[in-house]
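Worksheet: the structure to be examined is printed underneath.
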Amino acid sequence: MSQRFSARAVLGGSALLLVAAIVLGAVSGAYAISLSQLWNVLTTLGQGADKSPEHLVFLNIRLPRLLLGVAAGAGLGMAGTLMQGLFRNPLADPGLVGISSGAALAAGVTIVLGASLWPSLPRTLGSWTLVLMAFGGGLCVTLLIYGLSRSEGGTRMALMLLAGIAVNALAGAGLGFLSVMATDEQLRSLQFWLLGSLGGARWSAVLLVAAAVLAACVAARSLAAPLNAIALGEAQAALLGVDVERIKRRAVVVTAVAVGAVTATTGIIGFIGLIAPHWVRMVAGPDHRVVLPASALLGAALVLCADTVARTAMAPAELPLGVLTAFIGVPMFLWMLRRFRGRI
Amino acid sequence: MTASAVNMPRDPMALSCAGVAVRIGEKTLLADATVELAAGRVTAILGPNGAGKSTLLSVLAGQRAPTQGRVTLDGRPLEAHGMPALALRRALMPQESAVAFDFTAQEIVALGRYPHRRAPGRDEDAIVEEAMALTDVSALAGRVLNTLSGGEKSRAHMARALAQLWHSRPDGASRWLLLDEPTAALDLAHQHSAMRLLREWAGRGVGVVTVLHDLNLARRYADEVVVLGGDAGGPVQGPAAEVLQPALIERVWRTPCQPVTSADGTVQYLFG
């Protein structure tokens, strides 16, 4: 805790980690690509003449998956930081408080019931409908949790986590109910939401998520300085001239956009929003102007590394990504609970 | 001093409230308060527990809207100034402030400069350092605020309030430093150095309004006092030496009070 690194060192370090994770993810997999082949593919990208197998694998399979991983990790890391700043609470993870499950439940309803409830819409708007529904689900849960757990001196940690348990239980039950009604094909899609995976990386979906996360990250930049002031308490922040209500509304919407878009495409990837900001704060201190961008970079690197392990550890079988992040995240969460138990 | 007080402020640069009451449900936190504060003076808000001292301070800061009555600054309603504009010229040091995350003392003091971030001076870092030196927290700069003692924390928050008001306003607008029991957690030496610091800032034209429990500090350092919770129905305001008579003190605080004159000629009180 005592040794802190400069903003430049932390941001540079996280960016380097992300580049390393991208390269590692690009070369490893069922069809191994060597570093020199990767270089070859990258340098001849625009020419289109070479249709070597590594070229096809990289462009059609690896690259969209890498991009989806970067967008998902960045979105979740950034959203976790925003939630923690808003709740003034280091345990406010979009997965733990139920935002991800809210988004997943809304997406599940769209997959299973959308076609019968609203016959024309899902086909015309395609993946947009899913993203919008997931956004709506995430937004509702965020507002619910915030309304339940806020009190004069910030948010009550125990209330926040208990409300999260309730929402997660409801989403679990809802998804279970949907799985009974689902066709076999729909059931496979649902399985996906429950466990989280980058396996659904198709260019159309990837570009949509990347655009949503990028927009969320840009919108989040102006929230960093006000969130520092909000750490003093909402009343003190207001006395410093922060329009607290406006900042809260924006933080909630930005979080719901990022988590909704990511969850609609990858399912529930837990704990990235908890781990990334916490690790960044340990080396950089709590200044949101550093923690927000660094958590996005570190979150992206973490998701890519976890996905590379998920693809290769038990090949040709693929481990669910959400299972892997939970294996890292749960011990970490328990350790944090122990550390913060005096304040719960 | 109560309802009969004139509604037009005497001094157009004053911070004043007229007929202000604050109620939450059935509970009355503050009743019929009419107070007029002048810039360049130290005004102490005094009164027993629950008399509404902190409530009056938060109303004057614009943090809490009164249930009835009005608050004016420079002759205009306080809310008409807008919170961002007020933040440039009014700081409130809270009585107790829980800070989320492991911000260092220096980072907390630097947050006092937040309202000025759109037009930062070249000396932003120097302001933070000098403000910390004034309240004797320079040595704690790199320490995490939540690990400091109560007195150290309150000195850091006082430095934050000073940093917020550091420069006089280019348009000549009065600056206001409001403090809620700034000396409560301080040791004897820091209590007196803090009060001397407030006097210095008042000497430079800042309006200092501070809630105090220690009548001797108020008598020694305040120009004016506002006593809440007496039987007058509303606050009693006036020069410290005039208002703080043993008879009034005994009525308001229900404690026997004996004035003594200290070596420097200041009247102080013995209680009990």
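Labels used: A, B, ... for chains in the order of the structure tokens, numbers from 1 for residues in each chain, and numbers from 1 for ligands as shown.
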Give me, as a list in words, the contact residues of chain B against chain A at a cut-off of 7 Å, counting only C-alpha atoms.
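Matching residues, ligands excluded from the count: Gln63, Met83, Pro84, Ala87, Ser97, Ala98, Val99, Ala100, Phe101, Asp102, Phe103, Leu111, Tyr114 and Pro115 of chain B.
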Prev. selection, C-alpha atoms, output as a PDB file, in the first residue's frame:
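Here's the written file out-v5.pdb:
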ATOM      1  CA  GLN B  63     -25.947  22.543   1.615  1.00  0.00           C
ATOM      2  CA  MET B  83     -23.300  25.671  -6.455  1.00  0.00           C
ATOM      3  CA  PRO B  84     -20.302  25.881  -8.859  1.00  0.00           C
ATOM      4  CA  ALA B  87     -17.713  26.639  -4.492  1.00  0.00           C
ATOM      5  CA  SER B  97     -16.017  13.073   7.105  1.00  0.00           C
ATOM      6  CA  ALA B  98     -15.569   9.459   6.078  1.00  0.00           C
ATOM      7  CA  VAL B  99     -13.429   9.285   2.953  1.00  0.00           C
ATOM      8  CA  ALA B 100     -13.816   6.309   0.626  1.00  0.00           C
ATOM      9  CA  PHE B 101     -10.640   4.575  -0.641  1.00  0.00           C
ATOM     10  CA  ASP B 102      -7.048   5.147   0.407  1.00  0.00           C
ATOM     11  CA  PHE B 103      -6.538   8.768  -0.594  1.00  0.00           C
ATOM     12  CA  LEU B 111      -9.463  18.204  -3.763  1.00  0.00           C
ATOM     13  CA  TYR B 114     -11.431  21.020  -7.518  1.00  0.00           C
ATOM     14  CA  PRO B 115     -13.733  24.043  -8.091  1.00  0.00           C
TER      15      PRO B 115
END
Secondary structure check, strand (DSSP E or B) residues of range 38-264 of chain A, as a list in words:
Arg150, Ser151, Gly154 and Thr155 of chain A
I need the chosen residues saved as a PDB file, in the first residue's frame, with C-alpha atoms.
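Printed below is out_14.pdb as written:
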ATOM      1  CA  ARG A 150     -27.602   4.189  -0.331  1.00  0.00           C
ATOM      2  CA  SER A 151     -27.612   6.010   2.956  1.00  0.00           C
ATOM      3  CA  GLY A 154     -22.448   6.513   1.282  1.00  0.00           C
ATOM      4  CA  THR A 155     -23.824   3.090   0.525  1.00  0.00           C
TER       5      THR A 155
END
Applying 9 Å and only C-alpha atoms, which residues near Ala92 in chain A remain after dropping the ones on its own chain fewer than 4 positions away? List them as JSON, numbers by chain.
{"A": [80, 81, 83, 84, 85, 86, 87, 88, 96, 97, 157, 160, 161, 273, 274]}
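Interatomic distance, CA of Thr255 in chain B against CA of Leu215 in chain B: 12.3 Å.
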Mind running range 130-149 of chain A against range 245-267 of chain A at 9 Å and telling me each contacting residue's nearest atom pair with the distance in Å (one decimal), counting only C-alpha atoms, chain and number ascending, as JSON lines?
{"residue": "A:Leu130", "atom": "CA", "partner": "A:Ala264", "partner_atom": "CA", "distance": 6.0}
{"residue": "A:Val131", "atom": "CA", "partner": "A:Ala261", "partner_atom": "CA", "distance": 5.1}
{"residue": "A:Leu132", "atom": "CA", "partner": "A:Gly260", "partner_atom": "CA", "distance": 7.4}
{"residue": "A:Met133", "atom": "CA", "partner": "A:Gly260", "partner_atom": "CA", "distance": 7.8}
{"residue": "A:Ala134", "atom": "CA", "partner": "A:Gly260", "partner_atom": "CA", "distance": 4.6}
{"residue": "A:Phe135", "atom": "CA", "partner": "A:Gly260", "partner_atom": "CA", "distance": 4.0}
{"residue": "A:Gly136", "atom": "CA", "partner": "A:Ala256", "partner_atom": "CA", "distance": 7.5}
{"residue": "A:Gly137", "atom": "CA", "partner": "A:Gly260", "partner_atom": "CA", "distance": 7.6}
{"residue": "A:Gly138", "atom": "CA", "partner": "A:Ala256", "partner_atom": "CA", "distance": 5.1}
{"residue": "A:Leu139", "atom": "CA", "partner": "A:Ala256", "partner_atom": "CA", "distance": 5.0}
{"residue": "A:Cys140", "atom": "CA", "partner": "A:Ala256", "partner_atom": "CA", "distance": 8.7}
{"residue": "A:Thr142", "atom": "CA", "partner": "A:Val252", "partner_atom": "CA", "distance": 6.7}
{"residue": "A:Leu143", "atom": "CA", "partner": "A:Val252", "partner_atom": "CA", "distance": 7.5}
Prev. selection, C-alpha atoms, output as an mmCIF file, in the first residue's frame:
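Saved result, result39.cif, follows:
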data_model
loop_
_atom_site.group_PDB
_atom_site.id
_atom_site.type_symbol
_atom_site.label_atom_id
_atom_site.label_comp_id
_atom_site.auth_asym_id
_atom_site.auth_seq_id
_atom_site.Cartn_x
_atom_site.Cartn_y
_atom_site.Cartn_z
ATOM 1 C CA LEU A 130 -30.269 -8.195 -27.570
ATOM 2 C CA VAL A 131 -27.869 -5.415 -26.601
ATOM 3 C CA LEU A 132 -30.688 -2.977 -25.913
ATOM 4 C CA MET A 133 -32.557 -5.476 -23.768
ATOM 5 C CA ALA A 134 -29.387 -6.336 -21.855
ATOM 6 C CA PHE A 135 -28.732 -2.627 -21.343
ATOM 7 C CA GLY A 136 -32.267 -2.186 -19.989
ATOM 8 C CA GLY A 137 -31.870 -5.138 -17.627
ATOM 9 C CA GLY A 138 -28.540 -3.839 -16.345
ATOM 10 C CA LEU A 139 -29.918 -0.323 -15.902
ATOM 11 C CA CYS A 140 -32.920 -1.531 -13.864
ATOM 12 C CA THR A 142 -28.217 -0.691 -11.048
ATOM 13 C CA LEU A 143 -31.015 1.708 -10.086
#
Distance CA of Leu292 in chain A-CA of Arg311 in chain A, one decimal place?
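So the answer is 28.5 Å.
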Test item: residues at most 6 Å from range 233-236 of chain B, only C-alpha atoms, excluding those fewer than 5 positions along its chain, as an MDAnalysis selection string
chainID B and resid 2 32:33 226:228
With only C-alpha atoms as the basis for distance, which of B:Thr135, B:Asn146, B:Thr210, B:Thr72 is at the shortest distance from Leu197 in chain B?
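Closest candidate: B:Thr135.
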Selection near Val23 in chain A, 12 Å with only C-alpha atoms, sequence-local residues under 6 positions removed, as a list in words
Leu16, Leu17, Gly29, Ile33, Ser34, Leu35, Ser36, Gln37, Leu38, Trp39, Leu42, Phe58, Arg62, Leu63, Leu66, Ala301, Leu304, Cys305 and Thr308 of chain A
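For Leu113 in chain A, the non-local neighbours within 9 Å, defined as residues at least 5 positions apart in the same chain or in other chains and counting only C-alpha atoms, are Gly108, Trp118, Leu178, Met181 and Ala182 of chain A.
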What's the separation between CA of Gly150 in chain B and CA of Leu92 in chain B, in Å to one decimal place?
17.5 Å
Output as a ChimeraX atom specification all residues of range 182-314 of chain A that backbone DSSP marks as alpha helix (DSSP H).
/A:184-195,203-221,224-230,234-239,244-266,272-284,288-312
Find, counting only C-alpha atoms, the residue in B:Asp74, B:Gly230, B:Gln268, B:Arg219 that gets nearest to Arg251 in chain B.
B:Gly230
Got a sec: who's within 12 Å of range 131-133 of chain B, counting only C-alpha atoms, leaving out chain neighbours fewer than 4 positions off, as a PyMOL selection string?
chain B and resi 105-110+112-113+124-127+137-142+152-167+194+197
